[in-house]
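Visitor: Contents of structure34.txt (compact mmCIF, N, CA and C atoms) are below:
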```
# COMPACT_ATOMS: atom_id res chain seq x y z
N MET A 215 108.37 90.69 124.48
CA MET A 215 106.99 90.50 124.07
C MET A 215 106.86 90.84 122.58
N GLY A 216 106.12 90.03 121.86
CA GLY A 216 105.94 90.22 120.43
C GLY A 216 104.95 91.31 120.09
N LYS A 217 104.95 91.68 118.85
CA LYS A 217 104.03 92.68 118.34
C LYS A 217 102.75 92.01 117.86
N THR A 218 101.73 92.83 117.62
CA THR A 218 100.50 92.34 117.02
C THR A 218 100.49 92.74 115.56
N ILE A 219 100.32 91.76 114.69
CA ILE A 219 100.29 91.99 113.25
C ILE A 219 98.90 91.66 112.75
N THR A 220 98.35 92.54 111.94
CA THR A 220 97.03 92.30 111.35
C THR A 220 97.17 92.23 109.84
N LEU A 221 96.68 91.13 109.27
CA LEU A 221 96.72 90.91 107.83
C LEU A 221 95.30 90.97 107.27
N PHE A 222 95.17 91.42 106.04
CA PHE A 222 93.86 91.53 105.38
C PHE A 222 93.91 90.70 104.11
N LEU A 223 92.96 89.79 103.95
CA LEU A 223 92.90 88.92 102.78
C LEU A 223 91.54 89.10 102.10
N SER A 224 91.57 89.56 100.85
CA SER A 224 90.30 89.80 100.15
C SER A 224 90.24 89.13 98.78
N THR A 225 91.21 88.28 98.47
CA THR A 225 91.20 87.60 97.18
C THR A 225 90.96 86.11 97.36
N SER A 226 90.46 85.49 96.32
CA SER A 226 90.10 84.07 96.38
C SER A 226 91.36 83.21 96.49
N PRO A 227 91.22 82.01 97.05
CA PRO A 227 92.38 81.14 97.25
C PRO A 227 92.94 80.55 95.96
N TYR A 228 92.14 80.51 94.91
CA TYR A 228 92.55 79.78 93.71
C TYR A 228 92.99 80.67 92.56
N SER A 229 92.87 81.99 92.65
CA SER A 229 93.26 82.84 91.54
C SER A 229 94.50 83.67 91.76
N TYR A 230 94.89 83.84 92.98
CA TYR A 230 96.03 84.70 93.28
C TYR A 230 96.95 84.01 94.27
N GLU A 231 98.18 84.46 94.33
CA GLU A 231 99.13 83.91 95.30
C GLU A 231 99.05 84.64 96.62
N ASN A 232 98.11 85.56 96.76
CA ASN A 232 97.95 86.30 98.01
C ASN A 232 97.66 85.38 99.18
N THR A 233 96.90 84.33 98.95
CA THR A 233 96.58 83.40 100.03
C THR A 233 97.85 82.74 100.56
N LEU A 234 98.71 82.31 99.67
CA LEU A 234 99.97 81.69 100.06
C LEU A 234 100.85 82.69 100.82
N THR A 235 100.90 83.93 100.33
CA THR A 235 101.71 84.95 100.98
C THR A 235 101.21 85.24 102.39
N VAL A 236 99.89 85.36 102.55
CA VAL A 236 99.31 85.62 103.87
C VAL A 236 99.58 84.45 104.82
N ALA A 237 99.41 83.23 104.33
CA ALA A 237 99.64 82.05 105.18
C ALA A 237 101.11 81.98 105.63
N ARG A 238 102.02 82.23 104.71
CA ARG A 238 103.45 82.17 105.06
C ARG A 238 103.84 83.30 106.01
N THR A 239 103.30 84.48 105.77
CA THR A 239 103.59 85.63 106.65
C THR A 239 103.06 85.36 108.05
N ALA A 240 101.83 84.88 108.14
CA ALA A 240 101.23 84.58 109.44
C ALA A 240 102.02 83.50 110.16
N GLU A 241 102.39 82.45 109.45
CA GLU A 241 103.14 81.36 110.08
C GLU A 241 104.49 81.84 110.60
N SER A 242 105.17 82.62 109.81
CA SER A 242 106.48 83.15 110.22
C SER A 242 106.36 84.04 111.45
N ALA A 243 105.37 84.92 111.45
CA ALA A 243 105.16 85.82 112.59
C ALA A 243 104.81 85.04 113.85
N LEU A 244 103.96 84.03 113.72
CA LEU A 244 103.59 83.22 114.87
C LEU A 244 104.81 82.49 115.44
N GLU A 245 105.65 81.97 114.55
CA GLU A 245 106.85 81.26 114.99
C GLU A 245 107.82 82.18 115.75
N LYS A 246 107.77 83.48 115.43
CA LYS A 246 108.65 84.45 116.10
C LYS A 246 108.02 85.03 117.36
N GLY A 247 106.83 84.53 117.72
CA GLY A 247 106.20 84.94 118.97
C GLY A 247 105.27 86.14 118.88
N HIS A 248 104.93 86.55 117.67
CA HIS A 248 104.01 87.67 117.49
C HIS A 248 102.57 87.19 117.52
N SER A 249 101.66 88.09 117.87
CA SER A 249 100.22 87.81 117.76
C SER A 249 99.80 88.19 116.35
N VAL A 250 98.99 87.34 115.73
CA VAL A 250 98.58 87.61 114.35
C VAL A 250 97.06 87.56 114.24
N ASN A 251 96.50 88.63 113.68
CA ASN A 251 95.07 88.71 113.35
C ASN A 251 94.95 88.65 111.84
N LEU A 252 93.96 87.94 111.37
CA LEU A 252 93.69 87.88 109.94
C LEU A 252 92.24 88.27 109.71
N ILE A 253 92.05 89.30 108.90
CA ILE A 253 90.69 89.72 108.52
C ILE A 253 90.47 89.24 107.09
N ALA A 254 89.47 88.40 106.89
CA ALA A 254 89.13 87.91 105.56
C ALA A 254 87.82 88.56 105.14
N SER A 255 87.83 89.13 103.96
CA SER A 255 86.65 89.82 103.46
C SER A 255 86.48 89.49 101.98
N GLY A 256 85.28 89.64 101.47
CA GLY A 256 85.04 89.37 100.06
C GLY A 256 85.39 87.93 99.71
N ASP A 257 86.13 87.76 98.62
CA ASP A 257 86.52 86.42 98.18
C ASP A 257 87.50 85.74 99.14
N GLY A 258 88.15 86.50 100.01
CA GLY A 258 89.08 85.92 100.98
C GLY A 258 88.40 84.95 101.93
N VAL A 259 87.10 85.10 102.11
CA VAL A 259 86.34 84.21 102.99
C VAL A 259 86.35 82.78 102.44
N TYR A 260 86.47 82.63 101.12
CA TYR A 260 86.47 81.29 100.53
C TYR A 260 87.67 80.45 100.98
N CYS A 261 88.71 81.08 101.48
CA CYS A 261 89.88 80.34 101.97
C CYS A 261 89.54 79.46 103.16
N PHE A 262 88.43 79.72 103.80
CA PHE A 262 88.07 78.99 105.02
C PHE A 262 86.96 77.97 104.79
N LEU A 263 86.59 77.76 103.54
CA LEU A 263 85.62 76.72 103.20
C LEU A 263 86.36 75.41 102.98
N LYS A 264 85.76 74.33 103.37
CA LYS A 264 86.37 73.02 103.25
C LYS A 264 86.73 72.73 101.79
N GLY A 265 87.97 72.27 101.61
CA GLY A 265 88.41 71.81 100.29
C GLY A 265 88.90 72.89 99.35
N GLN A 266 88.98 74.13 99.77
CA GLN A 266 89.45 75.20 98.88
C GLN A 266 90.95 75.07 98.67
N LYS A 267 91.35 75.06 97.41
CA LYS A 267 92.76 74.93 97.09
C LYS A 267 93.31 76.29 96.69
N ALA A 268 94.56 76.51 97.05
CA ALA A 268 95.24 77.76 96.72
C ALA A 268 96.53 77.44 95.99
N LYS A 269 96.99 78.39 95.21
CA LYS A 269 98.27 78.20 94.53
C LYS A 269 99.36 78.04 95.58
N GLY A 270 100.10 76.96 95.49
CA GLY A 270 101.19 76.73 96.41
C GLY A 270 100.79 76.06 97.72
N ILE A 271 99.49 76.00 98.00
CA ILE A 271 99.01 75.34 99.22
C ILE A 271 98.06 74.24 98.78
N LEU A 272 98.30 73.03 99.21
CA LEU A 272 97.43 71.93 98.80
C LEU A 272 95.98 72.21 99.18
N ASN A 273 95.75 72.68 100.38
CA ASN A 273 94.40 72.95 100.84
C ASN A 273 94.42 74.15 101.77
N ALA A 274 93.85 75.27 101.32
CA ALA A 274 93.89 76.52 102.09
C ALA A 274 93.20 76.36 103.44
N GLN A 275 92.07 75.70 103.45
CA GLN A 275 91.31 75.54 104.71
C GLN A 275 92.13 74.76 105.74
N GLU A 276 92.82 73.72 105.30
CA GLU A 276 93.64 72.93 106.23
C GLU A 276 94.82 73.74 106.74
N LYS A 277 95.46 74.51 105.86
CA LYS A 277 96.61 75.31 106.27
C LYS A 277 96.19 76.35 107.30
N PHE A 278 95.07 77.04 107.06
CA PHE A 278 94.63 78.05 108.02
C PHE A 278 94.16 77.39 109.32
N SER A 279 93.63 76.18 109.25
CA SER A 279 93.27 75.45 110.48
C SER A 279 94.51 75.20 111.33
N GLU A 280 95.61 74.81 110.68
CA GLU A 280 96.87 74.60 111.39
C GLU A 280 97.34 75.89 112.06
N LEU A 281 97.22 77.00 111.33
CA LEU A 281 97.66 78.28 111.86
C LEU A 281 96.77 78.75 113.01
N ILE A 282 95.50 78.47 112.92
CA ILE A 282 94.57 78.82 114.01
C ILE A 282 94.98 78.05 115.27
N ALA A 283 95.37 76.79 115.10
CA ALA A 283 95.81 75.99 116.25
C ALA A 283 97.10 76.57 116.86
N LYS A 284 97.88 77.27 116.06
CA LYS A 284 99.12 77.88 116.54
C LYS A 284 98.88 79.28 117.14
N GLY A 285 97.63 79.78 117.03
CA GLY A 285 97.33 81.07 117.64
C GLY A 285 96.80 82.14 116.71
N LEU A 286 96.66 81.86 115.43
CA LEU A 286 96.12 82.83 114.49
C LEU A 286 94.68 83.15 114.86
N LYS A 287 94.32 84.42 114.91
CA LYS A 287 92.95 84.84 115.15
C LYS A 287 92.36 85.30 113.83
N VAL A 288 91.22 84.71 113.45
CA VAL A 288 90.60 85.00 112.15
C VAL A 288 89.28 85.69 112.36
N TYR A 289 89.06 86.73 111.57
CA TYR A 289 87.80 87.47 111.59
C TYR A 289 87.24 87.47 110.18
N LEU A 290 86.04 86.90 110.02
CA LEU A 290 85.40 86.84 108.71
C LEU A 290 84.33 87.90 108.59
```
Rewrite the structure from the file as structure tokens, please.
Guide:
Amino acid sequence: MGKTITLFLSTSPYSYENTLTVARTAESALEKGHSVNLIASGDGVYCFLKGQKAKGILNAQEKFSELIAKGLKVYL
């Protein structure tokens, strides 16, 4: 049985690489069978608005939508 991992994202999708790091970490953990929770606060909430672009990710909202479909739980 996998572990539960909780990530916290508080920076905007377009100014820092934190969004990319959180998305990759969440995806990797999900692929290994872990449960992943993501808490978005402050500017991190902008990652879930339609059309938000992040460094290294064409579209942050689309990437997180894919991860949600894989089991990511998001709390805004």
Visitor: Could you give me, as a PyMOL selection string, the residues that sit within 10 Å of (94.0, 76.3, 103.9) in the file's coordinates, counting only C-alpha atoms?
Guide: chain A and resi 227+233-234+237+260-268+271-281
Visitor: Can you measure atom C of Thr239 (chain A) to CA of Leu223 (chain A) for me? One decimal in Å is fine.
Guide: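 Those two atoms sit 12.0 Å apart.
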Visitor: Write out as a list in words which residues come within 8 Å of Leu244 (chain A) when counting all atoms listed in the file, dropping same-chain ones fewer than 4 positions away.
Guide: Arg238, Thr239, Ala240, His248, Ser249, Val250, Lys284, Gly285 and Leu286 of chain A
Visitor: Atom C of Gly247 (chain A) to atom C of Gly216 (chain A): how many Å, to one decimal?
Guide: 5.3 Å
Visitor: May I ask for the distance between CA of Ser224 (chain A) and atom N of Lys246 (chain A), given in Å to one decimal place?
Guide: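 Separating CA of Ser224 (chain A) from atom N of Lys246 (chain A) is a distance of 24.1 Å.
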Visitor: In terms of the shortest atom-to-atom distance over only C-alpha atoms, which of A:Asn232, A:Thr220, A:Thr225, A:Ser242 is closest to Ser255 (chain A)?
Guide: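 The closest residue to Ser255 (chain A) is A:Thr225.
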Visitor: Find the residue from A:Ile253, A:Val288, A:Ala243, A:Val259 that sits nearest to Ser226 (chain A); use only C-alpha atoms when measuring.
Guide: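 Going through A:Ile253, A:Val288, A:Ala243, A:Val259 one by one, the smallest distance to Ser226 (chain A) is for A:Val259.
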Visitor: Put a box with edges along x, y and z around all the listed atoms of region 237-246 of chain A, pad it by 6 Å on each side, then give me its centre and sizes in Å, one decimal, as lines of an AutoDock Vina configuration file.
Guide:
```
center_x = 104.0
center_y = 83.5
center_z = 110.8
size_x = 21.2
size_y = 16.6
size_z = 25.0
```
